[in-house]
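The data block below is model_24.cif; it holds mmCIF, C-alpha atoms and all ligand atoms.
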```cif
data_entry
#
loop_
_atom_site.label_atom_id
_atom_site.label_comp_id
_atom_site.auth_asym_id
_atom_site.auth_seq_id
_atom_site.Cartn_x
_atom_site.Cartn_y
_atom_site.Cartn_z
CA MET U 259 70.50 102.12 49.60
CA ARG U 260 70.23 98.49 50.64
CA TRP U 261 72.79 98.74 53.38
CA GLN U 262 72.54 100.10 56.89
CA LYS U 263 74.56 103.05 58.15
CA ILE U 264 75.89 102.88 61.71
CA GLU U 265 77.70 105.90 63.10
CA VAL U 266 80.77 105.40 65.31
CA ALA U 267 81.35 108.40 67.57
CA SER U 268 85.00 109.38 67.93
CA SER U 269 87.34 112.37 67.64
CA LYS U 270 86.46 112.00 63.94
CA SER U 271 83.13 110.16 63.64
CA TYR U 272 82.66 107.73 60.78
CA PRO U 273 80.00 105.35 59.43
CA ILE U 274 80.02 101.60 59.20
CA CYS U 275 78.24 100.78 55.93
CA LEU U 276 76.78 97.47 56.98
CA GLY U 277 75.72 94.90 54.44
CA ALA U 278 77.05 96.94 51.52
CA SER U 279 78.48 95.15 48.50
CA LEU U 280 82.08 95.51 47.39
CA GLU U 281 80.95 96.54 43.90
CA GLU U 282 78.93 99.48 45.32
CA LEU U 283 81.88 101.13 47.06
CA GLY U 284 82.91 103.07 43.94
CA GLN U 285 79.46 104.64 43.70
CA TYR U 286 79.64 105.67 47.38
CA LEU U 287 83.06 107.24 46.79
CA GLU U 288 81.91 109.13 43.70
CA GLN U 289 79.66 111.21 45.98
CA ARG U 290 82.37 111.86 48.55
CA VAL U 291 85.76 111.92 46.89
CA GLU U 292 87.02 114.14 44.06
CA THR U 293 86.72 112.70 40.53
CA ASN U 294 89.82 110.90 39.35
CA ALA U 295 91.23 110.71 42.89
CA HIS U 296 94.15 108.34 43.41
CA ILE U 297 93.15 105.20 45.28
CA ILE U 298 95.39 102.36 46.45
CA VAL U 299 93.78 99.05 47.41
CA ILE U 300 96.06 97.24 49.86
CA SER U 301 95.34 93.54 50.22
CA ASN U 302 97.00 90.11 50.40
CA PRO U 303 97.15 87.45 47.64
CA VAL U 304 94.27 85.33 49.02
CA VAL U 305 91.80 88.16 49.59
CA SER U 306 92.83 89.94 46.42
CA GLU U 307 92.21 86.78 44.36
CA TYR U 308 88.66 86.54 45.73
CA TYR U 309 87.65 90.18 46.04
CA ALA U 310 89.95 92.83 44.50
CA GLU U 311 88.24 92.63 41.11
CA LYS U 312 84.84 93.29 42.72
CA VAL U 313 86.18 96.43 44.39
CA MET U 314 88.16 97.58 41.34
CA SER U 315 85.13 97.13 39.04
CA GLY U 316 83.41 100.03 40.86
CA LEU U 317 86.44 102.32 40.73
CA THR U 318 86.49 103.09 37.00
CA ASN U 319 86.11 106.84 37.61
CA PHE U 320 89.21 106.89 39.77
CA GLN U 321 92.87 106.26 39.26
CA ALA U 322 92.99 102.94 41.15
CA ASP U 323 96.08 100.85 41.93
CA GLN U 324 96.77 97.83 44.08
CA ILE U 325 99.54 96.86 46.47
CA ILE U 326 99.59 93.17 47.38
CA VAL U 327 101.32 92.23 50.61
CA PRO U 328 102.20 88.58 51.47
CA ALA U 329 99.74 87.00 53.94
CA GLY U 330 100.58 86.47 57.60
CA GLU U 331 100.87 88.14 61.00
CA GLU U 332 104.65 88.52 60.46
CA GLU U 333 103.86 91.04 57.72
CA LYS U 334 102.68 93.51 60.37
CA SER U 335 106.23 94.87 60.57
CA LEU U 336 108.15 98.13 60.15
CA GLN U 337 110.03 96.49 57.25
CA ARG U 338 106.78 95.79 55.39
CA LEU U 339 105.59 99.32 56.14
CA GLU U 340 108.76 100.73 54.56
CA TRP U 341 108.23 98.50 51.52
CA ILE U 342 104.60 99.64 51.15
CA THR U 343 105.82 103.26 51.32
CA GLY U 344 108.23 102.59 48.43
CA GLU U 345 105.49 100.89 46.37
CA ALA U 346 103.05 103.73 47.06
CA LEU U 347 105.61 106.32 45.94
CA LYS U 348 106.22 104.35 42.72
CA LEU U 349 102.46 104.54 42.11
CA GLY U 350 102.54 108.32 42.57
CA ALA U 351 100.84 108.44 45.98
CA ASP U 352 100.54 111.87 47.53
CA ARG U 353 98.62 113.60 50.34
CA LYS U 354 95.30 113.17 48.47
CA THR U 355 95.64 109.39 47.98
CA LEU U 356 92.92 107.23 49.54
CA VAL U 357 93.87 103.81 50.96
CA LEU U 358 91.36 100.94 50.87
CA ALA U 359 92.41 98.24 53.36
CA LEU U 360 90.86 95.08 51.89
CA GLY U 361 91.31 92.06 54.16
CA GLY U 362 91.34 90.74 57.69
CA GLY U 363 92.80 92.32 60.80
CA VAL U 364 96.39 92.01 59.57
CA ILE U 365 95.75 94.09 56.44
CA GLY U 366 93.48 96.48 58.38
CA ASP U 367 96.17 97.13 60.98
CA LEU U 368 99.08 97.32 58.51
CA ALA U 369 97.43 99.34 55.72
CA GLY U 370 95.67 101.44 58.36
CA PHE U 371 98.94 102.28 60.09
CA PHE U 372 100.51 103.06 56.71
CA ALA U 373 97.65 105.50 55.98
CA SER U 374 98.06 107.08 59.42
CA ILE U 375 101.72 108.01 58.88
CA PHE U 376 102.26 108.33 55.10
CA MET U 377 102.85 112.07 54.51
CA ARG U 378 101.51 112.58 58.07
CA GLY U 379 98.22 110.86 57.35
CA ILE U 380 96.14 110.12 54.25
CA ARG U 381 92.54 109.01 53.85
CA LEU U 382 91.58 105.44 54.79
CA ILE U 383 88.60 103.12 54.32
CA GLN U 384 88.50 99.76 56.07
CA ILE U 385 86.99 96.85 54.08
CA PRO U 386 86.97 93.95 56.56
CA THR U 387 86.76 90.44 55.07
CA THR U 388 87.11 88.20 58.15
CA LEU U 389 84.57 87.75 60.94
CA LEU U 390 87.14 89.07 63.41
CA ALA U 391 87.76 92.17 61.29
CA GLN U 392 84.04 92.81 60.77
CA VAL U 393 83.10 92.57 64.45
CA ASP U 394 86.28 93.88 65.99
CA SER U 395 89.46 95.14 64.31
CA SER U 396 87.95 97.43 61.64
CA ILE U 397 86.05 99.36 64.33
CA GLY U 398 87.62 101.67 66.87
CA GLY U 399 90.50 103.16 64.94
CA LYS U 400 93.39 101.11 66.35
CA VAL U 401 96.07 100.49 63.70
CA ALA U 402 99.52 99.04 64.35
CA VAL U 403 102.49 96.92 63.44
CA ASN U 404 104.34 94.49 65.70
CA HIS U 405 107.81 94.81 67.21
CA PRO U 406 110.09 91.98 68.43
CA GLY U 407 109.25 93.32 71.92
CA GLY U 408 105.52 92.64 71.51
CA LYS U 409 102.40 92.67 69.35
CA ASN U 410 100.92 96.00 68.17
CA LEU U 411 103.55 98.00 70.04
CA ILE U 412 103.94 100.62 67.29
CA GLY U 413 100.63 102.09 66.27
CA ALA U 414 98.07 104.84 66.42
CA PHE U 415 94.42 105.66 66.88
CA TYR U 416 93.39 106.55 63.33
CA PRO U 417 89.66 106.60 62.59
CA PRO U 418 88.90 105.71 58.95
CA LEU U 419 86.60 107.71 56.66
CA ALA U 420 84.28 104.69 56.69
CA VAL U 421 84.12 100.95 57.29
CA TRP U 422 82.66 99.08 54.30
CA THR U 423 81.29 95.73 55.48
CA ASP U 424 80.20 93.17 52.88
CA PHE U 425 78.89 90.08 54.74
CA SER U 426 79.19 87.92 51.62
CA THR U 427 83.00 87.90 51.94
CA LEU U 428 82.61 85.59 54.96
CA GLN U 429 81.43 82.79 52.68
CA THR U 430 85.00 82.02 51.58
CA LEU U 431 86.53 82.32 55.05
CA PRO U 432 88.11 79.05 56.30
CA TRP U 433 86.41 77.66 59.45
CA LYS U 434 89.63 78.07 61.46
CA GLU U 435 89.40 81.83 60.82
CA VAL U 436 85.66 81.87 61.57
CA LEU U 437 86.52 80.41 64.98
CA ASP U 438 88.84 83.33 65.78
CA GLY U 439 86.00 85.76 65.07
CA LEU U 440 83.54 83.58 66.95
CA ALA U 441 85.69 83.70 70.08
CA GLU U 442 85.61 87.54 69.94
CA THR U 443 81.85 87.42 69.27
CA ILE U 444 81.25 85.25 72.33
CA LYS U 445 83.47 87.72 74.23
CA HIS U 446 81.23 90.61 73.09
CA ALA U 447 78.13 88.64 74.13
CA LEU U 448 79.51 87.85 77.54
CA ILE U 449 80.65 91.37 78.41
CA ALA U 450 77.67 93.31 77.05
CA ASP U 451 74.88 91.39 75.31
CA ARG U 452 73.16 88.48 77.05
CA GLU U 453 70.65 88.17 74.19
CA LEU U 454 73.53 87.65 71.74
CA PHE U 455 74.86 84.91 74.04
CA GLU U 456 71.45 83.22 73.95
CA PHE U 457 71.20 83.72 70.18
CA ILE U 458 74.54 81.94 69.64
CA GLN U 459 73.44 79.20 72.07
CA SER U 460 70.23 78.59 70.15
CA HIS U 461 71.80 78.82 66.65
CA GLN U 462 74.86 76.59 67.04
CA LYS U 463 73.82 74.34 64.16
CA GLN U 464 73.11 77.26 61.80
CA ILE U 465 76.43 78.88 62.69
CA ILE U 466 78.35 75.68 61.99
CA GLU U 467 76.45 75.29 58.72
CA ARG U 468 77.21 78.97 57.92
CA ASP U 469 73.62 79.96 57.42
CA THR U 470 73.75 83.44 55.83
CA ALA U 471 70.89 85.03 57.81
CA THR U 472 72.25 83.70 61.11
CA PHE U 473 75.73 85.01 60.35
CA LYS U 474 74.34 88.41 59.42
CA GLU U 475 72.36 88.68 62.66
CA MET U 476 75.25 87.45 64.82
CA THR U 477 77.85 89.67 63.12
CA SER U 478 75.63 92.77 63.32
CA ARG U 479 74.87 92.28 67.02
CA SER U 480 78.49 91.53 67.83
CA LEU U 481 79.89 94.58 66.06
CA MET U 482 77.29 96.79 67.77
CA VAL U 483 78.86 95.87 71.12
CA LYS U 484 82.20 97.18 69.88
CA VAL U 485 80.58 100.29 68.36
CA ARG U 486 78.87 101.18 71.65
CA ILE U 487 82.02 100.69 73.71
CA VAL U 488 84.49 102.57 71.45
CA SER U 489 81.97 105.36 70.92
CA GLU U 490 82.03 105.94 74.68
CA ASP U 491 85.76 105.50 75.17
CA GLU U 492 87.82 105.94 72.00
CA LYS U 493 91.27 106.03 73.61
CA GLU U 494 90.81 103.15 76.08
CA GLU U 495 90.81 105.23 79.22
CA GLY U 496 88.08 103.18 80.87
CA LYS U 497 85.23 101.15 79.38
CA ARG U 498 87.15 100.05 76.27
CA MET U 499 89.31 97.92 78.59
CA LEU U 500 86.28 95.58 78.84
CA LEU U 501 87.16 94.39 75.31
CA ASN U 502 90.27 92.88 76.88
CA PHE U 503 88.14 90.16 78.51
CA GLY U 504 89.92 86.81 78.09
CA HIS U 505 92.93 88.47 76.49
CA SER U 506 95.23 88.89 79.52
CA PHE U 507 95.05 85.15 80.29
CA GLY U 508 94.97 84.26 76.58
CA HIS U 509 98.05 86.35 75.67
CA ALA U 510 99.98 84.79 78.56
CA LEU U 511 99.31 81.36 77.07
CA GLU U 512 100.09 82.49 73.51
CA THR U 513 103.40 83.94 74.76
CA GLU U 514 104.18 80.69 76.61
CA LEU U 515 103.64 78.71 73.41
CA ALA U 516 105.51 81.33 71.33
CA TYR U 517 102.30 81.74 69.24
CA ARG U 518 102.75 78.20 67.85
CA GLY U 519 100.11 75.49 68.08
CA ILE U 520 97.51 77.94 69.37
CA THR U 521 95.38 80.42 67.45
CA HIS U 522 94.40 83.78 68.92
CA GLY U 523 90.77 82.61 69.15
CA GLN U 524 91.84 79.51 71.09
CA GLY U 525 93.87 81.72 73.45
CA VAL U 526 90.89 84.02 74.01
CA SER U 527 88.59 81.03 74.54
CA ILE U 528 90.79 79.55 77.27
CA GLY U 529 91.40 83.03 78.67
CA MET U 530 87.68 83.73 79.01
CA VAL U 531 87.17 80.50 80.96
CA ALA U 532 90.12 81.27 83.26
CA ALA U 533 88.77 84.80 83.92
CA ALA U 534 85.29 83.37 84.48
CA ASN U 535 86.72 81.00 87.10
CA LEU U 536 88.35 83.92 88.89
CA ALA U 537 85.00 85.73 88.79
CA LYS U 538 83.28 82.61 90.13
CA ALA U 539 85.72 82.48 93.06
CA ARG U 540 84.79 86.12 93.80
CA GLY U 541 81.09 85.26 93.64
CA ILE U 542 80.17 87.52 90.73
CA ILE U 543 79.24 84.74 88.29
CA SER U 544 77.60 81.43 89.15
CA SER U 545 78.91 77.92 88.48
CA ALA U 546 75.95 77.30 86.18
CA GLU U 547 76.81 80.40 84.13
CA VAL U 548 80.47 79.38 83.80
CA ASP U 549 79.29 75.93 82.64
CA LYS U 550 77.09 77.61 80.00
CA LEU U 551 80.13 79.50 78.72
CA ILE U 552 82.26 76.33 78.63
CA ASN U 553 79.52 74.36 76.85
CA LEU U 554 79.07 77.07 74.24
CA LEU U 555 82.79 77.35 73.48
CA GLU U 556 83.20 73.56 73.35
CA SER U 557 80.19 73.18 71.04
CA PHE U 558 82.27 74.99 68.38
CA GLY U 559 85.41 73.01 69.18
CA LEU U 560 87.06 75.92 71.01
CA PRO U 561 89.36 74.82 73.87
CA THR U 562 88.52 75.62 77.50
CA SER U 563 91.37 74.09 79.51
CA ILE U 564 95.18 73.80 79.65
CA ASP U 565 97.46 70.77 80.09
CA LYS U 566 99.06 69.76 83.38
CA ASP U 567 102.54 70.50 82.03
CA LYS U 568 101.96 74.28 82.16
CA ASP U 569 103.82 76.29 84.79
CA HIS U 570 101.13 78.45 86.42
CA GLN U 571 103.62 80.84 87.98
CA LYS U 572 105.23 81.40 84.58
CA LEU U 573 101.83 82.20 83.10
CA VAL U 574 101.25 84.78 85.83
CA THR U 575 104.67 86.32 85.07
CA ASN U 576 103.72 86.51 81.36
CA MET U 577 100.61 88.45 82.35
CA GLN U 578 102.81 91.22 83.77
CA ALA U 579 103.74 92.25 80.21
CA ASP U 580 100.11 93.06 79.27
CA LYS U 581 99.90 96.54 77.70
CA LYS U 582 96.70 97.23 79.67
CA ASN U 583 98.45 97.00 83.07
CA ARG U 584 99.09 100.22 84.94
CA GLY U 585 101.85 100.96 87.48
CA GLY U 586 102.73 97.28 87.88
CA GLN U 587 99.11 96.43 88.77
CA LYS U 588 97.42 93.77 86.64
CA ILE U 589 94.13 94.93 85.18
CA LEU U 590 91.74 92.05 84.55
CA ILE U 591 88.27 91.96 83.11
CA LEU U 592 85.83 89.70 84.93
CA PRO U 593 82.37 88.64 83.75
CA LYS U 594 79.50 89.64 86.01
CA GLY U 595 76.96 86.98 85.16
CA LEU U 596 76.29 86.59 81.44
CA GLY U 597 76.11 89.90 79.57
CA GLN U 598 78.06 92.24 81.85
CA ALA U 599 81.69 92.65 82.91
CA VAL U 600 83.76 94.65 85.37
CA ILE U 601 87.30 96.03 85.38
CA CYS U 602 89.23 94.52 88.27
CA LYS U 603 92.39 96.23 89.51
CA ASP U 604 92.93 94.29 92.73
CA CYS U 605 93.21 90.64 91.68
CA SER U 606 96.09 89.01 93.54
CA ASP U 607 98.62 86.68 91.91
CA GLU U 608 97.29 83.91 94.19
CA GLU U 609 93.77 84.32 92.77
CA ILE U 610 95.19 84.28 89.23
CA VAL U 611 97.16 81.07 89.92
CA GLU U 612 93.96 79.52 91.34
CA ALA U 613 92.12 80.49 88.14
CA TRP U 614 94.79 78.81 85.99
CA MET U 615 94.62 75.73 88.26
CA ALA U 616 90.84 75.59 87.91
CA ILE U 617 91.15 75.11 84.14
CA THR U 618 94.07 72.63 84.26
CA LYS U 619 93.04 69.14 83.13
P1 LIG G 1 94.10 87.77 59.13
O1 LIG G 1 93.99 89.16 58.71
O2 LIG G 1 95.46 87.16 59.15
O3 LIG G 1 93.15 86.88 58.24
C1 LIG G 1 93.11 85.49 58.49
C2 LIG G 1 93.34 84.68 57.22
O4 LIG G 1 92.14 84.71 56.47
C3 LIG G 1 94.43 85.20 56.31
O5 LIG G 1 95.18 84.11 55.88
C4 LIG G 1 93.68 85.83 55.14
O6 LIG G 1 94.39 85.70 53.94
C5 LIG G 1 92.40 85.03 55.11
N1 LIG G 1 91.22 85.74 54.63
C6 LIG G 1 90.83 86.98 54.96
N2 LIG G 1 89.62 87.24 54.47
C7 LIG G 1 89.24 86.14 53.77
C8 LIG G 1 88.06 85.78 53.06
N3 LIG G 1 87.02 86.58 53.01
N4 LIG G 1 88.03 84.57 52.47
C9 LIG G 1 89.08 83.71 52.57
N5 LIG G 1 90.20 83.97 53.27
C10 LIG G 1 90.27 85.18 53.86
O7 LIG G 1 93.48 87.54 60.60
P2 LIG G 1 92.31 88.24 61.41
O8 LIG G 1 91.89 87.23 62.41
O9 LIG G 1 91.30 88.86 60.53
O10 LIG G 1 93.04 89.44 62.16
C11 LIG G 1 94.04 89.21 63.12
C12 LIG G 1 94.80 90.51 63.33
O11 LIG G 1 93.89 91.51 63.78
C13 LIG G 1 95.91 90.43 64.35
O12 LIG G 1 97.07 91.02 63.80
C14 LIG G 1 95.41 91.28 65.51
O13 LIG G 1 96.44 91.91 66.22
C15 LIG G 1 94.55 92.27 64.80
N6 LIG G 1 93.49 92.87 65.62
C16 LIG G 1 93.37 94.23 65.61
C17 LIG G 1 92.39 94.83 66.35
C18 LIG G 1 92.23 96.32 66.28
O14 LIG G 1 91.41 96.86 67.02
N7 LIG G 1 92.93 97.00 65.40
C19 LIG G 1 91.49 94.08 67.11
C20 LIG G 1 91.62 92.68 67.09
C21 LIG G 1 92.62 92.09 66.34
N1 LIG G 2 90.32 94.66 70.37
C1 LIG G 2 90.35 95.54 71.51
C2 LIG G 2 90.14 96.97 71.17
O1 LIG G 2 89.97 97.35 70.05
O2 LIG G 2 90.19 97.78 72.04
#
```
What would the structure in this file look like if it were written as structure tokens?
Amino acid sequence: MRWQKIEVASSKSYPICLGASLEELGQYLEQRVETNAHIIVISNPVVSEYYAEKVMSGLTNFQADQIIVPAGEEEKSLQRLEWITGEALKLGADRKTLVLALGGGVIGDLAGFFASIFMRGIRLIQIPTTLLAQVDSSIGGKVAVNHPGGKNLIGAFYPPLAVWTDFSTLQTLPWKEVLDGLAETIKHALIADRELFEFIQSHQKQIIERDTATFKEMTSRSLMVKVRIVSEDEKEEGKRMLLNFGHSFGHALETELAYRGITHGQGVSIGMVAAANLAKARGIISSAEVDKLINLLESFGLPTSIDKDKDHQKLVTNMQADKKNRGGQKILILPKGLGQAVICKDCSDEEIVEAWMAITK
């Protein structure tokens, strides 16, 4: 076994098979799943073109089919879920079918949610192929589709049988997508791993050049932050809220721009700097530390400020819709120095406006 096994504790614990190859998955399944089991690989055209054959080549002892979904966030919909159900039935899917979700966070969420409700739940393995999916979305069991009323509003906690992480898939990932994962990785570093923050700081060149060893180290450390947090708090009753760092501010901006002209990673990047400014005003992070965060994000071309034309009050109003809020009270995550964070339930709207103002250029 050349890969590393990391156990995620949850209502149904599961391993992350880290550094495994796509071709080896079949062999792993042969020891765990009945011979000739029905498997459906769900992917999108881009990922399938690169990687489906590698996965399928190991599945010769199974009855393996594929369902290819068009690419894009808009595919995380109830309509697409209904379509997948029809396709799965045509392929003879039943309660014993195993779903392999091969792709980024969109496929992981969509195929994962399908697996969670088809015939009241069938087996699922996550095969994350983006940096974001490897460090974040494939871990922790959240699966969902979107609703016109908001992102990920219809979903479930559905732990997979395993997460199968092949680092080599990141080699074909466009830089724009790497940046989305990098923003979440810097988030993980800031809330829980100062050494990871320093590692990213000292390996900027290697990261930009996509050095394999650097990526492996960074991805492994980043995903361990998520593993530790969700293993302690599967259902987001406390500590898991820390993973929302940068997201309340970021979502408000994404909503304002109707998700156009801004990527999720860019939203998170700006959101982290806004939250850090609020923390600075409260005296729990220093100016020098906030500058380090800004410099790091900017060194990768991630944005750290907003334009003067933005209505700060409107942004605060957008933050009211955050799913993490409770009883009308905004719940914000604030960095405590570099490498720790706190859940803040008493931030006033005035402080939040000040934080937006601090990052307006
Ligand atoms: P994505 O799934 O849309 O993938 C980004 C793009 O990269 C797509 O166009 C895809 O075709 C392409 N791609 C994927 N893997 C590739 C590869 N190896 N080589 C080349 N191209 C590849 O985006 P994402 O950033 O991975 O995920 C975003 C989604 O994840 C959002 O829907 C978000 O809500 C969700 N999410 C879920 C969780 C969770 O806990 N479930 C956490 C964070 C984000
Ligand atoms: N991405 C936040 C979470 O999984 O809780």
Interatomic distance, CA of Asp567 in chain U to CA of Asp607 in chain U (Å, one decimal):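 Computed distance, CA of Asp567 in chain U to CA of Asp607 in chain U, equals 19.4 Å.
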Atomic separation - CA of Pro418 in chain U relative to CA of Ser527 in chain U, Å: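 About the pair CA of Ser527 in chain U and CA of Pro418 in chain U: they are 29.2 Å apart.
For the set U:Thr443, U:Tyr416, U:Val299, U:Ser480, the residue with the smallest atom-to-atom gap to Arg378 in chain U is U:Tyr416, counting only C-alpha atoms.
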Close residues, Arg290 in chain U itself excluded, 12 Å, all atoms listed in the file, min 5 positions apart in chain, as a PyMOL selection string: chain U and resi 283-285+295+356+381+419-420
Edge lengths and centre, in Å to one decimal, as AutoDock Vina command-line options: that's what I need for the box along x, y and z that holds all listed atoms of ligand LIG 2 (chain G) plus 4 Å on each side.
```
--center_x 90.2 --center_y 96.2 --center_z 71.0 --size_x 8.4 --size_y 11.1 --size_z 10.0
```
Exercise: range 493-508 of chain U partners within 6 Å, only C-alpha atoms, chain neighbours under 3 positions left out, as number ranges by chain: U: 487, 511, 525-526, 529-530, 591
Residue contacts of range 388-402 of chain U (8 Å, only C-alpha atoms) excluding same-chain residues fewer than 3 positions away, as a PyMOL selection string: chain U and resi 266+334+361-363+366-368+370-371+384-385+410-418+421+423+427-428+431+435-436+438-440+442-443+477-478+480-482+484-485+488-489+492
